[in-house]
Each structure stands twice: as structure tokens, then as C-alpha cells.
file model.csv (CSV, C-alpha atoms)
chain,number,residue,atom,x,y,z
A,1,MET,CA,-3.4,20.1,19.7
A,2,GLN,CA,-1.6,18.6,22.7
A,3,TYR,CA,0.0,15.2,22.3
A,4,TRP,CA,1.2,12.6,24.8
A,5,ILE,CA,4.0,10.4,23.7
A,6,ASN,CA,5.2,6.9,24.7
A,7,HIS,CA,8.5,6.3,23.0
A,8,ASN,CA,10.4,3.1,23.9
A,9,GLY,CA,8.6,2.9,27.1
A,10,VAL,CA,9.3,6.5,28.1
A,11,GLN,CA,6.2,8.6,28.5
A,12,SER,CA,6.2,12.3,28.0
A,13,GLY,CA,3.9,15.2,27.2
A,14,PRO,CA,1.9,17.2,26.7
A,15,VAL,CA,3.7,18.7,23.7
A,16,ASP,CA,2.4,20.5,20.6
A,17,LEU,CA,3.3,19.7,17.0
A,18,ASP,CA,6.5,21.8,17.2
A,19,GLY,CA,7.7,20.1,20.3
A,20,LEU,CA,7.0,16.8,18.8
A,21,LYS,CA,9.2,17.6,15.8
A,22,GLU,CA,12.2,18.2,18.1
A,23,MET,CA,11.8,15.0,20.1
A,24,GLY,CA,13.5,12.8,17.4
A,25,LEU,CA,10.7,10.2,17.5
A,26,THR,CA,10.8,7.0,15.5
A,27,SER,CA,7.9,5.0,14.0
A,28,ALA,CA,8.0,2.8,17.2
A,29,ALA,CA,6.5,5.6,19.2
A,30,TYR,CA,2.9,5.6,20.5
A,31,VAL,CA,0.8,8.7,20.7
A,32,TRP,CA,-2.4,9.8,22.4
A,33,HIS,CA,-4.4,13.0,22.2
A,34,GLU,CA,-7.8,14.2,23.4
A,35,GLY,CA,-10.5,12.3,21.6
A,36,LEU,CA,-8.6,9.0,21.1
A,37,ALA,CA,-9.9,6.0,22.9
A,38,ASP,CA,-6.5,4.4,23.3
A,39,TRP,CA,-2.8,4.9,22.5
A,40,VAL,CA,-2.1,4.5,18.8
A,41,LYS,CA,1.0,4.0,16.8
A,42,ILE,CA,2.5,7.2,15.6
A,43,THR,CA,2.3,5.9,12.0
A,44,GLN,CA,-1.5,5.7,12.2
A,45,LEU,CA,-1.9,9.5,12.6
A,46,PRO,CA,-1.7,11.0,9.1
A,47,GLU,CA,-1.2,14.5,10.5
A,48,LEU,CA,2.1,13.4,12.2
A,49,GLN,CA,3.5,12.0,8.9
A,50,GLY,CA,7.1,13.1,8.4
A,51,LEU,CA,7.7,14.1,12.0
A,52,TYR,CA,9.4,10.8,12.9
A,53,GLU,CA,12.0,8.4,11.5
A,54,PHE,CA,11.1,5.0,10.2
A,55,VAL,CA,12.8,2.1,11.9
A,56,GLY,CA,12.4,-1.6,11.1
A,57,ASP,CA,12.3,-2.9,14.7
A,58,PRO,CA,9.2,-1.7,16.5
A,59,ILE,CA,11.1,-1.4,19.8
A,60,ALA,CA,14.4,-0.1,18.6
A,61,PRO,CA,16.8,0.6,21.5
A,62,GLN,CA,17.1,4.3,20.8
A,63,VAL,CA,17.5,7.0,23.4
A,64,SER,CA,15.0,9.5,22.3
A,65,SER,CA,16.0,12.9,23.7
A,66,ALA,CA,17.9,14.6,26.5
A,67,GLU,CA,15.3,17.0,27.4
A,68,PRO,CA,13.6,16.7,30.8
A,69,GLN,CA,10.6,14.6,30.9
A,70,PRO,CA,8.7,15.3,34.1
A,71,ALA,CA,6.0,12.7,33.8
A,72,ALA,CA,8.4,10.0,32.6
A,73,VAL,CA,7.5,6.5,33.6
A,74,GLY,CA,10.6,4.3,33.2
A,75,GLU,CA,8.8,1.1,32.3
A,76,PRO,CA,9.7,-0.9,29.3
A,77,LEU,CA,7.0,-1.1,26.7
A,78,GLN,CA,4.7,-4.0,27.5
A,79,GLU,CA,4.4,-6.5,24.7
A,80,ALA,CA,1.1,-8.0,23.8
A,81,ASP,CA,2.1,-11.6,24.4
A,82,GLY,CA,3.0,-10.9,28.0
A,83,THR,CA,5.7,-13.5,28.5
A,84,SER,CA,8.7,-11.5,27.3
A,85,GLY,CA,7.3,-8.4,28.9
A,86,SER,CA,6.9,-9.9,32.3
A,87,GLU,CA,10.5,-11.1,32.1
A,88,THR,CA,11.6,-7.6,31.5
A,89,VAL,CA,9.6,-6.4,34.4
A,90,ALA,CA,11.1,-8.9,36.8
A,91,GLY,CA,14.7,-9.0,35.5
A,92,ASP,CA,15.7,-5.6,34.1
A,93,ASN,CA,13.6,-3.3,36.2
A,94,PRO,CA,14.9,-2.9,39.7
A,95,VAL,CA,12.1,-0.5,40.6
A,96,ALA,CA,10.2,-2.5,43.1
A,97,GLU,CA,7.4,0.0,43.7
A,98,PRO,CA,4.3,0.2,41.6
A,99,ALA,CA,4.6,2.4,38.5
A,100,PRO,CA,3.8,6.0,39.5
A,101,GLU,CA,0.2,6.7,38.8
A,102,PRO,CA,-0.6,9.6,36.6
A,103,ALA,CA,-0.8,12.3,39.2
A,104,VAL,CA,-1.2,15.2,36.9
A,105,THR,CA,-4.8,15.9,35.9
A,106,GLY,CA,-5.4,15.7,32.2
A,107,GLN,CA,-3.1,12.7,31.9
A,108,PRO,CA,-4.2,10.5,29.1
A,109,TYR,CA,-6.5,7.6,29.7
A,110,GLN,CA,-4.7,4.4,30.3
A,111,PRO,CA,-6.7,1.2,30.2
A,112,TYR,CA,-6.1,-0.9,33.2
A,113,GLN,CA,-5.5,-4.5,32.3
A,114,PRO,CA,-4.8,-7.1,34.9
A,115,GLN,CA,-2.2,-9.6,33.7
A,116,PRO,CA,-2.4,-12.9,35.3
A,117,GLU,CA,1.0,-14.0,34.0
A,118,GLN,CA,2.7,-11.5,36.2
A,119,TYR,CA,1.3,-12.9,39.4
A,120,GLY,CA,3.3,-16.1,38.9
A,121,TYR,CA,6.4,-14.2,40.1
A,122,GLY,CA,4.9,-13.8,43.5
A,123,GLN,CA,6.7,-10.7,44.3
A,124,GLN,CA,3.9,-8.2,44.1
A,125,PRO,CA,0.5,-9.8,43.6
A,126,GLN,CA,-1.1,-6.4,43.6
A,127,TYR,CA,1.3,-5.0,41.0
A,128,GLN,CA,-0.5,-4.0,37.8
A,129,GLN,CA,1.3,-2.7,34.9
A,130,PRO,CA,-0.6,-0.1,32.9
A,131,GLN,CA,-0.9,-1.4,29.4
A,132,TYR,CA,0.3,1.3,27.1
A,133,ALA,CA,-0.8,0.1,23.7
A,134,GLN,CA,-2.4,-3.0,22.3
A,135,PRO,CA,-1.9,-2.8,18.6
A,136,GLN,CA,-4.5,-4.9,17.0
A,137,PRO,CA,-2.9,-7.0,14.2
A,138,ASP,CA,-5.7,-6.2,11.7
A,139,SER,CA,-5.9,-2.5,12.2
A,140,ALA,CA,-2.5,-1.4,13.4
A,141,GLU,CA,-0.6,-2.4,10.3
A,142,PRO,CA,-1.8,-0.9,7.0
A,143,CYS,CA,-2.3,-3.4,4.3
A,144,PRO,CA,0.6,-3.6,1.9
A,145,PRO,CA,-0.2,-2.2,-1.6
A,146,THR,CA,-1.9,-4.6,-4.0
A,147,ASN,CA,-0.3,-2.9,-7.0
A,148,LEU,CA,-3.7,-3.4,-8.7
A,149,VAL,CA,-3.5,-0.1,-10.7
A,150,TRP,CA,-0.3,-1.2,-12.4
A,151,ALA,CA,-1.5,-4.7,-12.8
A,152,ILE,CA,-4.7,-3.6,-14.7
A,153,ILE,CA,-2.8,-1.2,-16.8
A,154,SER,CA,-0.2,-3.8,-17.9
A,155,THR,CA,-2.9,-6.4,-18.5
A,156,VAL,CA,-5.0,-4.1,-20.7
A,157,LEU,CA,-2.0,-2.6,-22.5
A,158,CYS,CA,-0.9,-5.9,-24.0
A,159,CYS,CA,1.9,-7.1,-21.8
A,160,LEU,CA,-0.4,-9.9,-20.8
A,161,PRO,CA,1.3,-12.7,-18.9
A,162,ALA,CA,3.1,-10.5,-16.4
A,163,GLY,CA,0.0,-8.4,-15.8
A,164,VAL,CA,-2.1,-11.5,-15.1
A,165,VAL,CA,0.5,-12.8,-12.6
A,166,ALA,CA,0.5,-9.4,-10.9
A,167,ILE,CA,-3.3,-9.5,-10.5
A,168,VAL,CA,-3.0,-13.0,-9.0
A,169,TYR,CA,-0.4,-11.6,-6.5
A,170,ALA,CA,-2.9,-8.8,-5.7
A,171,VAL,CA,-5.4,-11.5,-4.7
A,172,LYS,CA,-2.7,-13.2,-2.6
A,173,VAL,CA,-2.0,-9.9,-0.8
A,174,MET,CA,-5.6,-9.4,0.1
A,175,ASN,CA,-6.2,-13.0,1.2
A,176,LYS,CA,-3.0,-13.1,3.4
A,177,TYR,CA,-3.8,-9.8,5.0
A,178,ARG,CA,-7.3,-10.9,5.8
A,179,ASP,CA,-5.9,-14.0,7.5
A,180,GLY,CA,-3.6,-11.8,9.6
A,181,ASP,CA,-0.4,-12.9,7.8
A,182,ILE,CA,1.0,-9.5,7.4
A,183,ASP,CA,4.5,-10.7,6.5
A,184,GLY,CA,3.1,-13.0,3.9
A,185,ALA,CA,1.0,-10.1,2.5
A,186,LYS,CA,4.1,-7.9,2.3
A,187,ARG,CA,6.1,-10.6,0.5
A,188,ALA,CA,3.2,-11.1,-2.0
A,189,SER,CA,3.0,-7.3,-2.5
A,190,GLU,CA,6.7,-7.1,-3.3
A,191,THR,CA,6.6,-10.0,-5.7
A,192,GLY,CA,3.6,-8.4,-7.4
A,193,ALA,CA,5.4,-5.1,-7.7
A,194,TRP,CA,8.3,-6.9,-9.4
A,195,TRP,CA,5.9,-8.5,-11.9
A,196,CYS,CA,4.5,-5.0,-12.6
A,197,ILE,CA,8.0,-3.6,-13.2
A,198,ALA,CA,8.8,-6.6,-15.4
A,199,SER,CA,5.6,-6.1,-17.5
A,200,ILE,CA,6.3,-2.4,-17.9
A,201,ILE,CA,9.9,-3.1,-19.1
A,202,LEU,CA,8.5,-5.8,-21.4
A,203,GLY,CA,5.8,-3.3,-22.7
A,204,ILE,CA,7.9,-0.2,-23.1
A,205,ILE,CA,11.3,-1.6,-24.2
A,206,PHE,CA,11.0,-5.2,-25.4
A,207,GLN,CA,7.7,-4.9,-27.3
A,208,PRO,CA,8.7,-2.0,-29.5
A,209,ILE,CA,12.1,-3.6,-30.3
A,210,MET,CA,10.3,-6.8,-31.3
A,211,SER,CA,7.8,-5.1,-33.4
A,212,PHE,CA,10.3,-2.8,-35.2
A,213,LEU,CA,12.8,-5.5,-35.8
A,214,PRO,CA,11.2,-6.8,-39.0
A,215,LEU,CA,10.9,-3.3,-40.3
A,216,MET,CA,14.6,-2.6,-39.7
A,217,MET,CA,15.5,-5.9,-41.3
A,218,GLY,CA,13.3,-5.1,-44.3
A,219,SER,CA,15.0,-1.7,-44.8
A,220,MET,CA,18.4,-3.3,-44.7
A,221,ASN,CA,17.7,-5.7,-47.5
B,222,MET,CA,10.0,14.7,-0.9
B,223,ARG,CA,11.2,11.6,-2.8
B,224,ARG,CA,7.5,10.6,-3.2
B,225,SER,CA,6.5,13.9,-4.7
B,226,LEU,CA,9.5,13.7,-7.1
B,227,VAL,CA,8.3,10.3,-8.3
B,228,MET,CA,4.8,11.7,-8.7
B,229,ALA,CA,6.0,14.6,-10.7
B,230,LEU,CA,8.0,12.3,-12.9
B,231,VAL,CA,5.0,10.0,-13.5
B,232,ALA,CA,2.9,13.0,-14.3
B,233,LEU,CA,5.5,14.2,-16.8
B,234,VAL,CA,5.7,10.9,-18.6
B,235,LEU,CA,1.9,10.6,-18.7
B,236,LEU,CA,1.7,14.0,-20.2
B,237,ALA,CA,4.3,13.2,-22.8
B,238,PHE,CA,2.6,10.0,-23.8
B,239,GLY,CA,-0.8,11.7,-23.8
B,240,PHE,CA,0.6,14.3,-26.2
B,241,ILE,CA,2.1,11.7,-28.5
B,242,TYR,CA,-1.1,9.6,-28.6
B,243,PHE,CA,-3.2,12.8,-29.2
B,244,ALA,CA,-1.1,14.2,-32.0
B,245,LEU,CA,-0.4,11.0,-33.9
B,246,ASP,CA,-2.9,8.4,-35.1
B,247,PRO,CA,-1.6,4.8,-34.4
B,248,SER,CA,-3.8,3.4,-37.2
B,249,SER,CA,-1.9,5.4,-39.9
B,250,SER,CA,1.5,6.1,-38.4
B,251,SER,CA,4.2,3.5,-38.4
B,252,LEU,CA,5.9,5.0,-35.3
B,253,PHE,CA,3.8,2.9,-32.9
B,254,PRO,CA,4.8,-0.6,-31.9
B,255,GLN,CA,2.7,-3.5,-33.3
B,256,CYS,CA,1.4,-6.3,-31.1
B,257,VAL,CA,4.0,-9.0,-31.0
B,258,PHE,CA,1.5,-11.7,-30.2
B,259,LEU,CA,-0.7,-10.6,-33.2
B,260,SER,CA,2.2,-10.6,-35.7
B,261,LEU,CA,3.5,-14.0,-34.5
B,262,SER,CA,0.3,-15.9,-34.1
B,263,GLY,CA,-2.2,-14.0,-36.2
B,264,TYR,CA,-4.6,-13.8,-33.2
B,265,LYS,CA,-5.5,-10.7,-31.4
B,266,CYS,CA,-4.4,-10.3,-27.8
B,267,PRO,CA,-6.7,-8.7,-25.1
B,268,GLY,CA,-4.8,-5.5,-25.5
B,269,CYS,CA,-4.8,-5.2,-29.2
B,270,GLY,CA,-6.3,-1.9,-30.4
B,271,SER,CA,-5.6,-0.1,-27.1
B,272,GLN,CA,-3.3,2.4,-28.7
B,273,ARG,CA,-6.0,3.3,-31.3
B,274,ALA,CA,-8.6,3.4,-28.5
B,275,ILE,CA,-6.4,5.8,-26.5
B,276,HIS,CA,-6.1,8.0,-29.5
B,277,ALA,CA,-9.8,8.0,-30.1
B,278,LEU,CA,-10.5,8.6,-26.4
B,279,LEU,CA,-8.2,11.6,-26.3
B,280,HIS,CA,-10.2,13.1,-29.2
B,281,GLY,CA,-13.5,12.4,-27.4
B,282,HIS,CA,-14.7,9.6,-29.6
B,283,VAL,CA,-15.9,7.2,-27.0
B,284,VAL,CA,-17.9,4.9,-29.3
B,285,GLU,CA,-15.0,4.5,-31.6
B,286,ALA,CA,-12.7,3.8,-28.7
B,287,PHE,CA,-15.1,1.1,-27.5
B,288,LYS,CA,-14.9,-0.6,-31.0
B,289,PHE,CA,-11.1,-0.6,-30.9
B,290,ASN,CA,-10.8,-2.1,-27.5
B,291,ALA,CA,-13.9,-2.6,-25.3
B,292,LEU,CA,-11.8,-4.1,-22.4
B,293,LEU,CA,-9.8,-0.8,-22.1
B,294,LEU,CA,-13.0,1.2,-21.8
B,295,ILE,CA,-14.6,-1.2,-19.3
B,296,SER,CA,-11.5,-1.2,-17.1
B,297,ILE,CA,-11.2,2.6,-16.9
B,298,PRO,CA,-13.9,3.0,-14.2
B,299,TRP,CA,-12.4,0.2,-12.1
B,300,LEU,CA,-8.9,1.8,-12.5
B,301,ALA,CA,-10.2,5.1,-11.1
B,302,PHE,CA,-11.8,3.1,-8.3
B,303,CYS,CA,-8.5,1.4,-7.5
B,304,LEU,CA,-6.7,4.7,-7.6
B,305,PHE,CA,-9.2,6.1,-5.0
B,306,ALA,CA,-8.7,2.9,-2.9
B,307,GLU,CA,-4.9,3.5,-3.0
B,308,THR,CA,-5.4,6.9,-1.3
B,309,GLN,CA,-7.1,5.2,1.6
B,310,ARG,CA,-4.5,2.5,2.2
B,311,VAL,CA,-2.5,4.0,5.1
B,312,ARG,CA,-5.3,6.2,6.5
B,313,ASN,CA,-8.0,3.6,6.5
B,314,PRO,CA,-6.7,0.1,6.2
B,315,ARG,CA,-10.1,-1.5,6.8
B,316,LEU,CA,-11.8,0.5,4.0
B,317,TYR,CA,-8.9,-0.5,1.7
B,318,VAL,CA,-9.5,-4.2,2.3
B,319,ARG,CA,-13.2,-3.7,1.6
B,320,LEU,CA,-12.5,-1.8,-1.6
B,321,ASN,CA,-10.2,-4.6,-2.9
B,322,PRO,CA,-12.2,-7.7,-2.9
B,323,PRO,CA,-10.4,-10.7,-4.4
B,324,LEU,CA,-13.6,-11.8,-6.1
B,325,LEU,CA,-13.5,-8.7,-8.2
B,326,MET,CA,-10.0,-9.5,-9.3
B,327,TRP,CA,-10.9,-13.0,-10.3
B,328,LEU,CA,-13.9,-11.7,-12.2
B,329,PHE,CA,-11.6,-9.3,-14.1
B,330,LEU,CA,-9.2,-12.1,-15.0
B,331,ALA,CA,-12.2,-14.2,-16.2
B,332,LEU,CA,-13.4,-11.2,-18.2
B,333,VAL,CA,-10.0,-10.8,-19.8
B,334,VAL,CA,-10.0,-14.5,-20.9
B,335,ILE,CA,-13.6,-14.4,-22.2
B,336,TRP,CA,-12.8,-11.1,-24.1
B,337,TRP,CA,-9.7,-12.7,-25.6
B,338,VAL,CA,-11.6,-15.7,-27.0
B,339,LEU,CA,-14.7,-13.8,-28.1
B,340,ARG,CA,-12.8,-11.0,-30.0
B,341,ASN,CA,-11.0,-13.6,-32.0
B,342,ILE,CA,-14.2,-15.5,-32.9
B,343,PHE,CA,-16.3,-12.5,-33.8
B,344,ASP,CA,-13.4,-10.3,-34.9
B,345,TRP,CA,-14.1,-7.5,-32.4

call {"tool": "encode", "arguments": {"input": "model.csv", "output": "C-alpha cells"}}
result
Amino acid sequence: MQYWINHNGVQSGPVDLDGLKEMGLTSAAYVWHEGLADWVKITQLPELQGLYEFVGDPIAPQVSSAEPQPAAVGEPLQEADGTSGSETVAGDNPVAEPAPEPAVTGQPYQPYQPQPEQYGYGQQPQYQQPQYAQPQPDSAEPCPPTNLVWAIISTVLCCLPAGVVAIVYAVKVMNKYRDGDIDGAKRASETGAWWCIASIILGIIFQPIMSFLPLMMGSMN
Amino acid sequence: MRRSLVMALVALVLLAFGFIYFALDPSSSSLFPQCVFLSLSGYKCPGCGSQRAIHALLHGHVVEAFKFNALLLISIPWLAFCLFAETQRVRNPRLYVRLNPPLLMWLFLALVVIWWVLRNIFDW
């Protein structure tokens, strides 16, 4: 399959899987291929797993590769909120002409989105930036794990208090993720994971020691 | 790579525990830890009997396992369901959300508490 890439605002493609491997992509890259309605984050395509490096910052200032990119559009990646993005367009980008339109046939579909904020600059009222990707907050980011499997196991296998707390944190993860609070959901997920680990330590190490202690004391007497 | 290593390790530990619980009977052997809550308070905890239930289950005695710890048996289908949901987390986040309703978790917690009280009243 042929893929088109948008990595840190630089567009390239089409490349196949092998070409993709050599591009040194990060998780900040966006990908499009035939059949997709819009650009998606590279992390959302399971078949591309392992072909990119994970970075914390979604727009890491990393130079991707030195190979020639004929269809490169040197625009910075447009942010969804628009304000910071339009600043970049006006300040950092000296290119005063409209972004080169996809001249090559078979170029991926780019949804055209007029952005009223940009007209405020008055330089080019007709200038319209093609919007590369609009990650939807509820679908772009996968839900952090609820750790429910471990929570159930530790609740049923007797390390009760920690398991119950872990289940409560699983509820928290789900509620926060549904409200769109992904950071909060991640934090709840991590805390829940720690409670699971604590309950496993309690169950496997502390519990046997506690239960065998009287036996050992008895054999000593 | 690291993920598959962890998976292999987990599988190995599970196999080892499975073998121990299959070969030795927790009701007669003194090798298995006793419930701390039971020995301190004299009351059963929700997990009491789960070691014997696992032993019975590994020998195919489902009814016996149910008598040792009904909660364990009831939660096995849900556990399998959650494991399936976990495989869908990255690939299909929306499905993951739908497979993990908070209401179900609250219901399970309520079930644990009810089970805890009832088993001590009726000596289940």
C-alpha cells in the first residue's frame, strides 16, 4: 500500500512500508492512504506499529530525513485552536505565496477549511491554509488502560482493600476519558496501576509471611 | 520486544502457579498461605476459599469450586470479557469505552460487599 506522510509539517509520499521504515518518523507524524477519509495520527494505524519512535511532544522539532521530498509543503503543522498556528504563519513563514496546491494527481484528499482568524492579518484575505489533520480529542487518543483485569484478580484473590481502590480508579479513568479529560484519565490510570502493583505485592509477599509467621513461631517454641 | 518478554514471563509464572495449584490440594497441604483476615478476625473475607476453588477448577470440579468461592467463579466470565476489551484499547478506543461501563464496576463492588456479608451469615 502507498502512504502519504505529514511529519512536522513536511509532507511527503507516496512511499511503501519499506520506505516508511527508513524515514525515521516519530509518533507526531500524520499518515494518509487510499480509503481513509482524512489524515490520521500514525499511532492510530496498527499496521504501522513499531515503524516510528515515540515522542512526548506531539510537534517535536525534529528534522525527519535528508532524502529529497518532491512534494514537500513547507508549512508548519496547523494547530486545531488556530491562534498559535496563525501566528506561525504570519511570523515564521516568509513564504508569501499561497501554499502550492497538490499538482500531482493521486495526491491525498485535503479537506479545505476556511479559517476566519487568519483574515485578521489582512495580508492575504484569499489565503487559505489546507488543514492537515484535526485530531478529535475523543477518538485520536486511545483511552488509558483501566487495569480492570488486575483489579478484579486482586479483589477476588483476597488482597481486598487495594483491589477495591484499583476498581474505583478504573471507574475514574472511564469517567474522565468520557469527559474529554485525557490527562486526568492518564493520571487515574497510573494511580490505579500502582494500587494493583501494591495489592500484588501484598498478596504474594506480605500475605504468606503473615500467615506463616505463627507457624514458624510455633515450631521455634 | 519488551512487551513480548513481559508476556512470556507472565505466561511462565501463570503456568508455574497452575502446576502448583493442580498438583497440591490447598485444603490438606500446609504449604499454602492462610487468609490473614480470617485468622485475625474469625470472619471470612470475599477471597477466602479461592485457592481451594482454583484447585477444584483445575481438576474440572466446577460445582465444588462454586461452593468454595462463588465470587471467583462468577467473576471469571467478566475477567475474560475485560481481557478481550484490553485487546481493543488502542485499535478501537470507542469500543473500549463501551466495553468498560463504570456502572458494571460499581455493580461488581456492590456484589463483593454483599457476598462478603452473606457468606459470613450463612457460612458459604

call {"tool": "atom_distance", "arguments": {"input": "model.csv", "atom1": "CA of Val227 (chain B)", "atom2": "CA of Gln207 (chain A)"}}
result
24.3 Å

call {"tool": "interface_residues", "arguments": {"input": "model.csv", "of": "chain B", "to": "chain A", "cutoff": "9 Å", "atoms": "all atoms listed in the file", "output": "PDB file with C-alpha atoms, keeping the file's coordinate frame"}}
result
ATOM      1  CA  LEU B 252       5.900   5.000 -35.300  1.00  0.00           C
ATOM      2  CA  PHE B 253       3.800   2.900 -32.900  1.00  0.00           C
ATOM      3  CA  PRO B 254       4.800  -0.600 -31.900  1.00  0.00           C
ATOM      4  CA  GLN B 255       2.700  -3.500 -33.300  1.00  0.00           C
ATOM      5  CA  CYS B 256       1.400  -6.300 -31.100  1.00  0.00           C
ATOM      6  CA  VAL B 257       4.000  -9.000 -31.000  1.00  0.00           C
ATOM      7  CA  PHE B 258       1.500 -11.700 -30.200  1.00  0.00           C
ATOM      8  CA  SER B 260       2.200 -10.600 -35.700  1.00  0.00           C
ATOM      9  CA  CYS B 266      -4.400 -10.300 -27.800  1.00  0.00           C
ATOM     10  CA  PRO B 267      -6.700  -8.700 -25.100  1.00  0.00           C
ATOM     11  CA  GLY B 268      -4.800  -5.500 -25.500  1.00  0.00           C
ATOM     12  CA  CYS B 269      -4.800  -5.200 -29.200  1.00  0.00           C
ATOM     13  CA  SER B 271      -5.600  -0.100 -27.100  1.00  0.00           C
ATOM     14  CA  GLN B 272      -3.300   2.400 -28.700  1.00  0.00           C
ATOM     15  CA  LEU B 292     -11.800  -4.100 -22.400  1.00  0.00           C
ATOM     16  CA  LEU B 293      -9.800  -0.800 -22.100  1.00  0.00           C
ATOM     17  CA  SER B 296     -11.500  -1.200 -17.100  1.00  0.00           C
ATOM     18  CA  TRP B 299     -12.400   0.200 -12.100  1.00  0.00           C
ATOM     19  CA  LEU B 300      -8.900   1.800 -12.500  1.00  0.00           C
ATOM     20  CA  ALA B 301     -10.200   5.100 -11.100  1.00  0.00           C
ATOM     21  CA  CYS B 303      -8.500   1.400  -7.500  1.00  0.00           C
ATOM     22  CA  LEU B 304      -6.700   4.700  -7.600  1.00  0.00           C
ATOM     23  CA  GLU B 307      -4.900   3.500  -3.000  1.00  0.00           C
ATOM     24  CA  ARG B 310      -4.500   2.500   2.200  1.00  0.00           C
ATOM     25  CA  VAL B 311      -2.500   4.000   5.100  1.00  0.00           C
ATOM     26  CA  ARG B 312      -5.300   6.200   6.500  1.00  0.00           C
ATOM     27  CA  ASN B 313      -8.000   3.600   6.500  1.00  0.00           C
ATOM     28  CA  PRO B 314      -6.700   0.100   6.200  1.00  0.00           C
ATOM     29  CA  ARG B 315     -10.100  -1.500   6.800  1.00  0.00           C
ATOM     30  CA  TYR B 317      -8.900  -0.500   1.700  1.00  0.00           C
ATOM     31  CA  VAL B 318      -9.500  -4.200   2.300  1.00  0.00           C
ATOM     32  CA  ASN B 321     -10.200  -4.600  -2.900  1.00  0.00           C
ATOM     33  CA  PRO B 322     -12.200  -7.700  -2.900  1.00  0.00           C
ATOM     34  CA  PRO B 323     -10.400 -10.700  -4.400  1.00  0.00           C
ATOM     35  CA  LEU B 324     -13.600 -11.800  -6.100  1.00  0.00           C
ATOM     36  CA  MET B 326     -10.000  -9.500  -9.300  1.00  0.00           C
ATOM     37  CA  TRP B 327     -10.900 -13.000 -10.300  1.00  0.00           C
ATOM     38  CA  PHE B 329     -11.600  -9.300 -14.100  1.00  0.00           C
ATOM     39  CA  LEU B 330      -9.200 -12.100 -15.000  1.00  0.00           C
ATOM     40  CA  VAL B 333     -10.000 -10.800 -19.800  1.00  0.00           C
TER      41      VAL B 333
END

call {"tool": "atom_distance", "arguments": {"input": "model.csv", "atom1": "CA of Lys41 (chain A)", "atom2": "CA of Ser225 (chain B)"}}
result
24.3 Å

call {"tool": "atom_distance", "arguments": {"input": "model.csv", "atom1": "CA of Leu25 (chain A)", "atom2": "CA of His7 (chain A)"}}
result
7.1 Å

call {"tool": "residues_around", "arguments": {"input": "model.csv", "residues": "Phe238 (chain B)", "least_positions_apart": "2", "cutoff": "12 Å", "atoms": "all atoms listed in the file", "output": "PyMOL selection string"}}
result
(chain A and resi 204) or (chain B and resi 231-236+240-245+253+272+275-276+279)

call {"tool": "closest_residue", "arguments": {"input": "model.csv", "among": "B:Ser250, B:Met228, B:Leu320, B:Asp344", "to": "Lys288 (chain B)", "atoms": "all atoms listed in the file"}}
result
B:Asp344
